[in-house]
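**Q** Here you go, this is upload-v6.cif (mmCIF, C-alpha atoms).
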data_entry
#
loop_
_atom_site.label_atom_id
_atom_site.label_comp_id
_atom_site.auth_asym_id
_atom_site.auth_seq_id
_atom_site.Cartn_x
_atom_site.Cartn_y
_atom_site.Cartn_z
CA MET A 6 -100.95 43.72 48.99
CA THR A 7 -102.73 41.93 46.14
CA ASP A 8 -105.63 39.53 46.45
CA THR A 9 -103.42 36.50 46.03
CA ASP A 10 -100.93 37.77 48.53
CA GLN A 11 -103.70 38.46 50.98
CA LEU A 12 -105.19 35.00 50.55
CA LEU A 13 -101.82 33.42 51.04
CA ALA A 14 -101.01 35.52 54.08
CA ASP A 15 -104.41 34.77 55.59
CA THR A 16 -103.88 31.06 55.09
CA GLY A 17 -100.54 31.21 56.82
CA ALA A 18 -101.97 33.25 59.65
CA VAL A 19 -104.83 30.84 60.22
CA ARG A 20 -102.47 27.89 60.37
CA ALA A 21 -100.08 29.70 62.67
CA VAL A 22 -102.83 30.24 65.23
CA ALA A 23 -102.19 26.68 66.34
CA ALA A 24 -98.74 27.79 67.42
CA ARG A 25 -99.97 30.64 69.60
CA THR A 26 -102.24 29.04 72.17
CA PRO A 27 -101.23 28.98 75.86
CA ALA A 28 -100.90 25.17 75.89
CA VAL A 29 -98.57 25.20 72.93
CA ALA A 30 -96.62 28.15 74.31
CA HIS A 31 -96.11 26.31 77.58
CA ALA A 32 -94.96 23.13 75.82
CA LEU A 33 -92.67 25.16 73.61
CA ALA A 34 -91.04 26.82 76.62
CA SER A 35 -90.54 23.43 78.25
CA LEU A 36 -88.90 22.14 75.11
CA GLY A 37 -86.39 24.99 75.32
CA ASP A 38 -85.67 24.07 78.96
CA HIS A 39 -84.80 20.55 77.92
CA ILE A 40 -82.75 21.40 74.85
CA GLU A 41 -80.47 23.79 76.68
CA CYS A 42 -79.54 21.02 79.09
CA ILE A 43 -78.37 18.46 76.60
CA PRO A 44 -75.79 18.72 73.85
CA GLU A 45 -73.65 21.64 75.06
CA PRO A 46 -71.89 19.84 77.90
CA LEU A 47 -71.02 16.92 75.69
CA ARG A 48 -69.16 19.15 73.32
CA HIS A 49 -67.43 21.13 76.00
CA ARG A 50 -66.42 18.20 78.08
CA ARG A 51 -64.94 16.28 75.21
CA PRO A 52 -61.15 16.57 75.12
CA ARG A 53 -59.96 18.45 72.08
CA ALA A 54 -58.36 15.59 70.22
CA TRP A 55 -61.57 13.60 70.32
CA ALA A 56 -63.86 16.29 69.17
CA ALA A 57 -63.02 16.03 65.51
CA VAL A 58 -63.01 12.31 65.39
CA ALA A 59 -65.90 10.49 63.79
CA VAL A 60 -67.02 6.99 62.87
CA ALA A 61 -65.67 3.44 62.16
CA THR A 62 -65.43 -0.06 63.43
CA ALA A 63 -65.77 -1.53 66.83
CA ILE A 64 -63.18 -3.69 68.37
CA ALA A 65 -63.78 -5.88 71.32
CA ALA A 66 -60.54 -6.05 73.11
CA VAL A 67 -60.30 -5.51 76.77
CA ALA A 68 -58.28 -2.90 78.43
CA VAL A 69 -55.16 -3.27 80.30
CA ALA A 70 -55.80 -4.77 83.54
CA VAL A 71 -57.76 -5.92 86.36
CA PRO A 72 -59.44 -4.29 89.27
CA THR A 73 -57.43 -1.77 91.12
CA GLY A 74 -58.95 -2.84 94.36
CA ALA A 75 -60.84 0.37 94.81
CA ALA A 76 -63.65 0.15 97.27
CA ALA A 77 -67.16 0.36 95.99
CA SER A 78 -68.40 3.91 95.79
CA ALA A 79 -70.55 5.19 98.58
CA PHE A 80 -72.59 7.09 96.03
CA ASP A 81 -75.64 5.77 94.29
CA TRP A 82 -75.43 6.43 90.57
CA ALA A 83 -79.21 6.37 90.32
CA SER A 84 -79.37 9.83 91.83
CA ALA A 85 -77.55 11.14 88.75
CA ARG A 86 -80.18 9.81 86.36
CA THR A 87 -82.11 12.42 84.40
CA GLY A 88 -84.75 10.52 82.47
CA LEU A 89 -83.48 12.15 79.27
CA PHE A 90 -82.07 10.02 76.48
CA GLY A 91 -79.88 10.70 73.48
CA ARG A 92 -80.44 9.83 69.86
CA GLU A 93 -78.56 7.25 67.85
CA SER A 94 -78.39 9.61 64.90
CA ASP A 95 -76.28 12.14 66.75
CA ILE A 96 -72.54 11.78 66.37
CA GLU A 97 -72.07 13.10 69.86
CA ASN A 98 -74.73 11.01 71.53
CA ASP A 99 -75.93 7.48 71.78
CA ALA A 100 -79.38 6.42 72.90
CA SER A 101 -78.41 5.97 76.51
CA GLU A 102 -79.63 8.10 79.35
CA PHE A 103 -78.02 11.40 80.22
CA LEU A 104 -76.51 11.63 83.68
CA ASP A 105 -76.26 14.75 85.77
CA ALA A 106 -72.54 15.43 86.23
CA SER A 107 -73.23 17.81 89.11
CA ASP A 108 -74.78 15.00 91.14
CA GLN A 109 -72.43 13.09 93.42
CA GLY A 110 -73.99 9.89 92.13
CA ILE A 111 -71.87 10.28 89.02
CA ARG A 112 -68.88 9.25 91.16
CA ALA A 113 -70.20 5.72 91.28
CA VAL A 114 -70.32 5.61 87.48
CA ILE A 115 -66.74 6.86 87.23
CA GLU A 116 -65.55 4.43 89.87
CA ARG A 117 -67.18 1.52 88.07
CA HIS A 118 -65.25 2.31 84.89
CA THR A 119 -61.92 2.76 86.65
CA ARG A 120 -62.08 -0.91 87.63
CA HIS A 121 -61.25 -1.88 84.06
CA TYR A 122 -57.78 -0.37 84.28
CA THR A 123 -54.74 -0.29 86.42
CA LEU A 124 -52.63 2.80 86.81
CA PRO A 125 -48.89 3.17 87.24
CA GLN A 126 -47.70 3.44 90.79
CA GLY A 127 -48.37 6.86 92.24
CA ALA A 128 -51.01 7.84 89.70
CA THR A 129 -54.60 8.45 90.78
CA TRP A 130 -58.01 8.71 89.18
CA GLU A 131 -58.58 12.22 90.43
CA PRO A 132 -58.16 13.72 86.94
CA ALA A 133 -61.07 11.61 85.76
CA TYR A 134 -63.26 12.81 88.60
CA ASP A 135 -62.16 16.39 87.97
CA SER A 136 -62.98 16.02 84.29
CA VAL A 137 -66.47 14.69 84.78
CA LEU A 138 -67.80 16.28 87.95
CA THR A 139 -69.03 19.83 87.72
CA ASP A 140 -70.59 22.42 89.95
CA GLU A 141 -73.07 23.36 87.26
CA ARG A 142 -75.91 21.24 86.04
CA VAL A 143 -74.27 19.46 83.14
CA PHE A 144 -75.49 16.29 81.48
CA VAL A 145 -73.21 13.57 80.15
CA GLN A 146 -73.76 10.10 78.83
CA GLU A 147 -72.01 7.08 80.28
CA ARG A 148 -70.12 6.44 77.07
CA LEU A 149 -68.32 9.75 77.52
CA VAL A 150 -67.62 9.02 81.18
CA ALA A 151 -66.06 5.69 80.16
CA ALA A 152 -63.93 7.40 77.53
CA ILE A 153 -62.72 10.05 79.98
CA VAL A 154 -61.68 7.34 82.41
CA ALA A 155 -59.85 5.46 79.65
CA ARG A 156 -58.15 8.60 78.45
CA THR A 157 -57.07 9.34 82.01
CA ALA A 158 -55.38 5.94 82.08
CA VAL A 159 -53.63 6.62 78.77
CA CYS A 160 -52.33 9.92 80.07
CA ALA A 161 -51.08 8.31 83.26
CA TRP A 162 -49.17 5.67 81.30
CA GLU A 163 -47.74 8.25 78.91
CA ARG A 164 -46.41 10.19 81.87
CA GLU A 165 -45.11 6.98 83.38
CA TRP A 166 -43.25 6.20 80.15
CA LEU A 167 -41.75 9.70 79.99
CA GLU A 168 -40.60 9.55 83.59
CA ALA A 169 -39.20 6.05 83.18
CA SER A 170 -37.38 7.02 80.02
CA THR A 171 -35.87 10.05 81.66
CA ALA A 172 -34.86 7.94 84.68
CA ASP A 173 -33.48 5.22 82.41
CA ALA A 174 -35.78 2.71 84.06
CA ALA A 175 -36.10 0.22 81.23
CA THR A 176 -38.51 -2.18 82.87
CA ARG A 177 -40.95 0.56 83.77
CA ALA A 178 -40.63 2.06 80.31
CA HIS A 179 -41.29 -1.28 78.62
CA ARG A 180 -44.31 -1.92 80.79
CA ALA A 181 -45.68 1.53 80.01
CA ALA A 182 -45.02 1.05 76.31
CA ASP A 183 -46.88 -2.26 76.38
CA VAL A 184 -49.89 -0.66 78.00
CA LEU A 185 -49.86 2.20 75.49
CA ALA A 186 -49.70 -0.34 72.65
CA SER A 187 -52.98 -1.81 73.82
CA ALA A 188 -54.80 1.50 74.33
CA SER A 189 -56.19 1.78 70.81
CA SER A 190 -58.21 -1.38 71.37
CA TRP A 191 -59.79 -0.35 74.66
CA PRO A 192 -63.53 -0.59 74.12
CA ALA A 193 -64.27 2.72 75.81
CA LEU A 194 -62.01 4.57 73.39
CA VAL A 195 -63.14 2.59 70.37
CA ALA A 196 -66.74 3.45 71.17
CA GLU A 197 -65.85 7.12 71.32
CA ASP A 198 -63.94 6.98 68.05
CA PRO A 199 -66.10 5.54 65.31
CA THR A 200 -63.89 6.78 62.46
CA GLY A 201 -60.73 5.34 63.90
CA GLY A 202 -58.86 8.64 64.01
CA LEU A 203 -58.18 8.40 67.70
CA ARG A 204 -57.08 4.78 67.34
CA ARG A 205 -54.55 5.70 64.67
CA HIS A 206 -53.30 8.53 66.81
CA LEU A 207 -52.86 6.31 69.87
CA ASP A 208 -51.10 3.67 67.78
CA GLY A 209 -48.72 6.37 66.59
CA VAL A 210 -47.99 7.38 70.17
CA ALA A 211 -47.42 3.75 71.12
CA ARG A 212 -45.03 3.20 68.21
CA ALA A 213 -43.12 6.31 69.22
CA ALA A 214 -42.81 4.99 72.76
CA ALA A 215 -41.63 1.61 71.50
CA LYS A 216 -38.95 3.37 69.46
CA ALA A 217 -37.96 5.53 72.42
CA ASP A 218 -39.11 8.64 70.56
CA GLU A 219 -40.27 11.08 73.21
CA HIS A 220 -41.50 13.75 70.83
CA LEU A 221 -44.92 12.36 69.99
CA VAL A 222 -45.55 11.13 73.53
CA ARG A 223 -44.79 14.56 74.98
CA ALA A 224 -46.92 16.19 72.31
CA ASP A 225 -49.89 14.00 73.17
CA VAL A 226 -49.54 14.70 76.88
CA ALA A 227 -49.35 18.41 76.21
CA MET A 228 -52.30 18.36 73.85
CA ASN A 229 -54.68 15.88 75.40
CA CYS A 230 -53.84 15.52 79.05
CA ALA A 231 -54.39 19.07 80.19
CA VAL A 232 -57.56 18.03 81.97
CA ALA A 233 -56.73 14.40 82.61
CA ARG A 234 -53.50 15.04 84.47
CA MET B 6 -73.13 32.30 79.20
CA SER B 7 -74.08 29.83 76.47
CA GLU B 8 -77.21 28.73 78.29
CA ASN B 9 -78.33 32.32 78.74
CA ARG B 10 -77.61 33.00 75.11
CA PHE B 11 -79.53 29.92 74.06
CA ARG B 12 -82.50 30.99 76.13
CA GLY B 13 -82.47 34.42 74.57
CA VAL B 14 -82.32 33.03 71.06
CA TYR B 15 -84.91 30.40 71.80
CA ASP B 16 -87.37 32.78 73.40
CA ALA B 17 -86.95 35.27 70.59
CA HIS B 18 -87.46 32.85 67.70
CA ALA B 19 -89.04 29.58 68.82
CA ALA B 20 -92.63 30.70 68.29
CA ASP B 21 -91.88 32.05 64.82
CA LEU B 22 -90.09 28.88 63.82
CA LEU B 23 -92.87 26.75 65.16
CA ALA B 24 -95.29 28.81 63.10
CA TYR B 25 -93.01 28.31 60.08
CA PHE B 26 -93.41 24.55 60.38
CA VAL B 27 -97.05 24.58 61.42
CA ARG B 28 -97.85 26.39 58.18
CA ARG B 29 -96.03 23.82 56.10
CA VAL B 30 -96.37 20.33 57.53
CA ASP B 31 -99.15 17.84 57.88
CA PRO B 32 -99.83 16.41 60.42
CA VAL B 33 -99.28 19.57 62.37
CA GLU B 34 -97.71 17.81 65.37
CA ASP B 35 -94.67 17.00 63.23
CA ALA B 36 -93.81 20.66 63.66
CA ALA B 37 -92.74 19.87 67.21
CA ASP B 38 -89.98 17.53 66.08
CA LEU B 39 -88.88 19.93 63.37
CA VAL B 40 -88.57 22.92 65.67
CA SER B 41 -86.61 20.70 68.06
CA GLU B 42 -84.27 19.78 65.25
CA VAL B 43 -83.57 23.41 64.37
CA PHE B 44 -82.68 24.40 67.91
CA LEU B 45 -80.64 21.29 68.51
CA VAL B 46 -78.62 22.25 65.45
CA TRP B 47 -78.21 25.76 66.79
CA TRP B 48 -77.29 24.40 70.19
CA ARG B 49 -74.63 22.09 68.80
CA ARG B 50 -73.13 24.62 66.45
CA ARG B 51 -73.82 27.82 68.36
CA PRO B 52 -73.20 30.17 65.46
CA GLU B 53 -71.56 33.44 66.38
CA LEU B 54 -74.34 35.49 64.94
CA SER B 55 -76.60 38.11 66.36
CA GLY B 56 -79.83 39.94 65.67
CA ASP B 57 -81.29 39.60 62.22
CA GLU B 58 -78.45 37.37 61.00
CA GLU B 59 -79.31 34.86 63.68
CA ARG B 60 -82.95 34.87 62.71
CA MET B 61 -82.11 34.31 59.06
CA TRP B 62 -79.66 31.55 59.99
CA LEU B 63 -82.40 29.79 61.91
CA TYR B 64 -84.80 30.09 58.99
CA GLY B 65 -82.07 28.67 56.76
CA VAL B 66 -81.72 25.64 59.02
CA ALA B 67 -85.51 25.37 59.19
CA ARG B 68 -85.71 25.27 55.43
CA LYS B 69 -83.14 22.48 55.19
CA THR B 70 -84.81 20.60 58.00
CA LEU B 71 -88.11 20.85 56.18
CA ALA B 72 -86.52 19.61 52.96
CA THR B 73 -85.21 16.56 54.81
CA TYR B 74 -88.65 16.00 56.29
CA GLU B 75 -90.24 16.23 52.86
CA ARG B 76 -87.85 13.56 51.62
CA GLY B 77 -89.45 11.25 54.12
CA VAL B 78 -86.88 11.41 56.89
CA ARG B 79 -88.83 11.55 60.13
CA ARG B 80 -87.12 11.97 63.43
CA ARG B 81 -88.90 11.63 66.71
CA TYR B 82 -87.71 13.49 69.75
CA ARG B 83 -88.87 12.49 73.16
CA LEU B 84 -88.21 16.05 74.24
CA ALA B 85 -90.80 17.29 71.78
CA ALA B 86 -93.53 14.85 72.79
CA ALA B 87 -95.39 17.34 74.99
CA LEU B 88 -95.31 19.98 72.29
CA ALA B 89 -96.52 17.49 69.70
CA THR B 90 -99.42 16.58 71.96
CA ALA B 91 -100.30 20.22 72.49
CA LEU B 92 -100.31 20.82 68.75
CA ARG B 93 -102.33 17.71 68.07
CA ASN B 94 -104.96 18.82 70.55
CA GLN B 95 -105.61 22.12 68.80
CA PRO B 96 -108.85 22.44 66.86
CA PRO B 97 -108.49 21.62 63.17
CA VAL B 98 -107.67 24.56 60.95
CA MET B 99 -110.35 25.58 58.48
CA ILE B 100 -109.07 27.13 55.29
CA GLU B 101 -111.44 29.05 53.04
CA GLU B 102 -112.03 27.52 49.67
CA ALA B 103 -110.52 30.41 47.77
CA ALA B 104 -107.41 30.42 49.94
CA ALA B 105 -107.10 26.67 49.58
CA HIS B 106 -107.19 27.11 45.82
CA VAL B 107 -104.32 29.57 45.91
CA THR B 108 -102.23 27.46 48.26
CA ASP B 109 -102.81 24.46 46.04
CA ALA B 110 -101.45 26.45 43.11
CA VAL B 111 -98.51 27.55 45.26
CA SER B 112 -97.74 23.94 46.07
CA ARG B 113 -97.27 23.32 42.36
CA LEU B 114 -94.65 26.02 42.00
CA PRO B 115 -91.01 24.97 41.71
CA ALA B 116 -89.60 24.61 45.20
CA ARG B 117 -87.17 27.51 44.86
CA ASP B 118 -89.87 29.92 43.78
CA ARG B 119 -92.30 28.63 46.37
CA ASP B 120 -89.79 29.06 49.16
CA ALA B 121 -89.20 32.67 48.24
CA LEU B 122 -92.89 33.47 47.91
CA LEU B 123 -93.88 31.86 51.20
CA LEU B 124 -91.00 33.38 53.12
CA SER B 125 -92.38 36.68 51.91
CA CYS B 126 -96.08 36.06 52.43
CA TRP B 127 -95.98 33.88 55.54
CA GLU B 128 -92.86 34.93 57.36
CA GLY B 129 -93.01 38.54 56.17
CA LEU B 130 -89.35 38.59 55.15
CA THR B 131 -87.92 41.24 52.88
CA PRO B 132 -86.08 40.29 49.68
CA GLU B 133 -82.81 40.98 51.49
CA GLN B 134 -83.77 38.62 54.30
CA ILE B 135 -85.04 36.01 51.85
CA GLY B 136 -81.70 36.22 50.10
CA ALA B 137 -79.94 35.56 53.39
CA VAL B 138 -82.11 32.52 54.12
CA LEU B 139 -81.77 31.06 50.64
CA GLY B 140 -78.11 31.93 50.28
CA ILE B 141 -78.64 34.17 47.27
CA ARG B 142 -78.25 37.89 46.60
CA PRO B 143 -81.15 40.23 47.31
CA GLY B 144 -81.48 40.95 43.62
CA ALA B 145 -81.79 37.26 42.90
CA ALA B 146 -84.39 36.97 45.65
CA ARG B 147 -86.42 39.73 44.01
CA VAL B 148 -86.19 37.90 40.70
CA ARG B 149 -87.44 34.72 42.31
CA LEU B 150 -90.33 36.52 43.93
CA HIS B 151 -91.28 38.09 40.63
CA ARG B 152 -90.96 34.80 38.81
CA ALA B 153 -92.99 33.03 41.50
CA ARG B 154 -95.83 35.48 41.03
CA GLN B 155 -95.72 35.09 37.28
CA ARG B 156 -95.84 31.31 37.50
CA LEU B 157 -98.56 31.45 40.09
CA ARG B 158 -100.59 33.61 37.73
CA GLN B 159 -100.07 31.12 34.94
CA LEU B 160 -101.14 28.25 37.15
CA LEU B 161 -104.27 30.06 38.24
CA GLU B 162 -105.09 30.91 34.65
CA GLU B 163 -104.57 27.35 33.55
CA ASP B 164 -106.70 25.90 36.28
CA GLU B 165 -109.94 25.37 34.44
CA ASN B 166 -111.49 23.63 37.38
CA ALA B 167 -110.99 26.52 39.75
CA VAL B 168 -113.57 26.69 42.47
CA MET B 169 -112.65 30.20 43.51
CA PRO B 170 -115.18 32.95 43.01
CA ARG B 171 -114.51 34.59 39.68
CA HIS B 172 -113.61 37.96 41.17
CA GLN B 173 -111.00 36.34 43.38
CA ILE B 174 -109.51 34.43 40.49
CA LYS B 175 -109.21 37.70 38.63
CA GLY B 176 -107.64 39.27 41.65
CA ALA B 177 -105.22 36.43 41.99
CA ILE B 178 -104.27 36.58 38.35
CA ARG B 179 -103.85 40.32 38.60
CA ALA B 180 -101.47 39.71 41.49
CA GLY B 181 -99.05 38.02 39.17
CA THR B 182 -98.74 41.08 37.04
CA THR B 183 -98.85 43.86 39.58
CA GLY B 184 -96.60 42.24 42.16
CA SER B 185 -96.35 43.47 45.69
CA GLU B 186 -93.15 44.61 47.31
CA ARG B 187 -94.36 43.38 50.64
CA CYS B 188 -95.34 39.86 49.71
#
Reformat the file's structure so that it appears as structure tokens.
**A**
Amino acid sequence: MTDTDQLLADTGAVRAVAARTPAVAHALASLGDHIECIPEPLRHRRPRAWAAVAVATAIAAVAVAVPTGAAASAFDWASARTGLFGRESDIENDASEFLDASDQGIRAVIERHTRHYTLPQGATWEPAYDSVLTDERVFVQERLVAAIVARTAVCAWEREWLEASTADAATRAHRAADVLASASSWPALVAEDPTGGLRRHLDGVARAAAKADEHLVRADVAMNCAVAR
Amino acid sequence: MSENRFRGVYDAHAADLLAYFVRRVDPVEDAADLVSEVFLVWWRRRPELSGDEERMWLYGVARKTLATYERGVRRRYRLAAALATALRNQPPVMIEEAAAHVTDAVSRLPARDRDALLLSCWEGLTPEQIGAVLGIRPGAARVRLHRARQRLRQLLEEDENAVMPRHQIKGAIRAGTTGSERC
């Protein structure tokens, strides 16, 4: 090693000493503990069709219906709080707090969002609970919970439309088609779809339903409702 | 599985990456945010790499993260606050005058040459590894290292106000012509 090399290496070594003390090592290990808890679940828990979607406008239309009459949850959502917050600059995250999806308190959050929608007769919100709740310690943000609930409603109405069409039940089919036509403006889905890709997709499904074209509706159920049954 | 894998990767490389940033940024506590950024990128993308490839991939992300930082983009991570505090509380680093002179000359090298030289001298990477980090062939990495030493020699020669002891200046200048395979 030459003199210059040695001087350079020594300089680097001296500076790096700051990264080797016990206090820094402890803080560094803690940082790893926190990082491994955060983004992974958001990616894995996002339904496939949403994962590739990115940015665009926000629309402030309200979802389908009114309260379903569900009783207030017995769970306190506060127990699911983590004290960890996302960053605005992340596509996947917003700046809101992460919630622990393994904590039963997350049920209260889900239940609160289900109140914005009504489901077809016979359908339940269980798919939404199944999609969010986990046995492992997984963190999600409320925006994603809201989107999962909304997507569960879309899937329920798509199935309703398919069943009604097969049964030749025109009134049910029209009602389902009307609900599907409004889905692309539901705030929870708009917030999850900044580029508008999901909105365009849902509009396409709604147009197919209005034209009595089952193909696209069935395709969407098969592709995006595997979790949200 | 992913969490275990993350932990393995993090434990294997976090200290080295922190050192990478500590050597290059001022104030030193900014290194906390930068090392966070690198592992958040890894965590989101989870590259299917292993061993040395993984290490080089991380250095590649670190280099781009540093470039963003140098353009003035500062991100603050709450998660890194404790680490930033720990770094801030370390005693100030004292650099010898002669070493400071050399590093000042290095800072005036073109970025591409400087990157190659410092990855060699500070991270101890081989030309093959430097090539992987910079996205160039090993032969091209060797050329950059050689060119970096030549330019560094020129800068040291041109520096009429050098405060280094004369024998060290001569040594430094000689370094540009002899070249070292290791650094």
**Q** Give me the residues near B:Leu114 as a ChimeraX atom specification, where near means some atom within 12 Å (using all atoms listed in the file) and where sequence neighbours in that chain fewer than 2 positions away do not count.
**A** /B:107-112,116-123,149-150,152-161
**Q** Go through A:Ala181, A:Ser101, A:Phe144, A:Glu197 and flag the residue nearest A:Ile40, using only C-alpha atoms for the distances.
**A**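 Nearest to A:Ile40: A:Phe144.
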**Q** Tell me, in Å to one decimal, how far atom CA of B:Ala37 is from atom CA of B:Leu88.
**A** 5.7 Å
**Q** Taking (-49.0, 8.4, 71.4) in the file's coordinates, which residues come within 9 Å, counting all atoms listed in the file, written as a short mmCIF file (atom, residue, chain, number, x, y, z; two decimals) with C-alpha atoms, in the coordinates of the input?
**A**
data_model
loop_
_atom_site.label_atom_id
_atom_site.label_comp_id
_atom_site.auth_asym_id
_atom_site.auth_seq_id
_atom_site.Cartn_x
_atom_site.Cartn_y
_atom_site.Cartn_z
CA VAL A 159 -53.63 6.62 78.77
CA GLU A 163 -47.74 8.25 78.91
CA LEU A 185 -49.86 2.20 75.49
CA ALA A 186 -49.70 -0.34 72.65
CA HIS A 206 -53.30 8.53 66.81
CA LEU A 207 -52.86 6.31 69.87
CA ASP A 208 -51.10 3.67 67.78
CA GLY A 209 -48.72 6.37 66.59
CA VAL A 210 -47.99 7.38 70.17
CA ALA A 211 -47.42 3.75 71.12
CA ARG A 212 -45.03 3.20 68.21
CA ALA A 213 -43.12 6.31 69.22
CA ALA A 214 -42.81 4.99 72.76
CA LEU A 221 -44.92 12.36 69.99
CA VAL A 222 -45.55 11.13 73.53
CA ARG A 223 -44.79 14.56 74.98
CA ALA A 224 -46.92 16.19 72.31
CA ASP A 225 -49.89 14.00 73.17
CA VAL A 226 -49.54 14.70 76.88
#
**Q** To one decimal place in Å, what is the distance between atom CA of A:Ser35 and atom CA of A:Val150?
**A**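 Computing it gives 27.2 Å between the two atoms.
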**Q** Pick the closest to B:Gly65 from B:Gln95, B:Ala24, B:Ala87, B:Trp47: which is it, counting all atoms listed in the file?
**A** B:Trp47
**Q** To one decimal place in Å, what is the distance between atom CA of B:Glu58 and atom CA of A:Gln11?
**A**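 Calculated distance between atom CA of B:Glu58 and atom CA of A:Gln11 is 27.2 Å.
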**Q** Can you give me, as a VMD selection string, the residues this file yields under the PyMOL selection byres ((chain B and resi 138) around 7)?
**A** chain B and resid 61 to 62 64 to 65 134 to 137 139 to 140
**Q** From the options A:Ile111, A:Ala172, A:Val143, A:Leu194, which residue's atoms come nearest to chain B, counting all atoms listed in the file?
**A** A:Val143
**Q** Could you tell me which of B:Gly144, B:Thr131, B:Tyr15, B:Tyr25 comes closest to A:Arg20 if we count all atoms listed in the file?
**A**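 Answer, going by the shortest atom-to-atom distance: B:Tyr25.
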**Q** Identify which of the residues B:Leu124, B:Ala145, B:Ala85, B:Leu63 lies closest to chain A, counting all atoms listed in the file when measuring atom-to-atom distances.
**A**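 Looking only at the distances to chain A, the closest residue turns out to be B:Ala85.
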**Q** For chain B, which residue among A:Ser107, A:Glu102, A:Ala215, A:Arg86 is the nearest when counting only C-alpha atoms?
**A** A:Glu102
**Q** Please complete stretch 206-211 of chain A with all heavy atoms and give it back as a short mmCIF file (atom, residue, chain, number, x, y, z; two decimals), in the frame of the given file.
**A**
data_model
loop_
_atom_site.label_atom_id
_atom_site.label_comp_id
_atom_site.auth_asym_id
_atom_site.auth_seq_id
_atom_site.Cartn_x
_atom_site.Cartn_y
_atom_site.Cartn_z
N HIS A 206 -54.15 7.62 66.05
CA HIS A 206 -53.30 8.53 66.81
C HIS A 206 -52.64 7.79 67.98
O HIS A 206 -51.42 7.92 68.20
CB HIS A 206 -54.15 9.70 67.32
CG HIS A 206 -53.41 10.61 68.25
ND1 HIS A 206 -52.43 11.49 67.83
CD2 HIS A 206 -53.49 10.76 69.60
CE1 HIS A 206 -51.94 12.14 68.87
NE2 HIS A 206 -52.56 11.72 69.97
N LEU A 207 -53.42 7.03 68.71
CA LEU A 207 -52.86 6.31 69.87
C LEU A 207 -51.83 5.27 69.43
O LEU A 207 -50.83 5.05 70.11
CB LEU A 207 -53.99 5.64 70.66
CG LEU A 207 -54.92 6.60 71.41
CD1 LEU A 207 -56.08 5.83 72.04
CD2 LEU A 207 -54.17 7.39 72.46
N ASP A 208 -52.08 4.63 68.30
CA ASP A 208 -51.10 3.67 67.78
C ASP A 208 -49.79 4.38 67.44
O ASP A 208 -48.70 3.85 67.66
CB ASP A 208 -51.65 2.96 66.54
CG ASP A 208 -52.66 1.86 66.91
OD1 ASP A 208 -52.62 1.41 68.07
OD2 ASP A 208 -53.47 1.48 66.04
N GLY A 209 -49.92 5.60 66.90
CA GLY A 209 -48.72 6.37 66.59
C GLY A 209 -47.93 6.70 67.85
O GLY A 209 -46.69 6.61 67.87
N VAL A 210 -48.64 7.07 68.90
CA VAL A 210 -47.99 7.38 70.17
C VAL A 210 -47.30 6.13 70.70
O VAL A 210 -46.14 6.17 71.17
CB VAL A 210 -49.01 7.92 71.20
CG1 VAL A 210 -48.38 8.03 72.58
CG2 VAL A 210 -49.56 9.27 70.75
N ALA A 211 -47.99 5.00 70.61
CA ALA A 211 -47.42 3.75 71.12
C ALA A 211 -46.17 3.36 70.33
O ALA A 211 -45.17 2.91 70.91
CB ALA A 211 -48.47 2.64 71.05
#
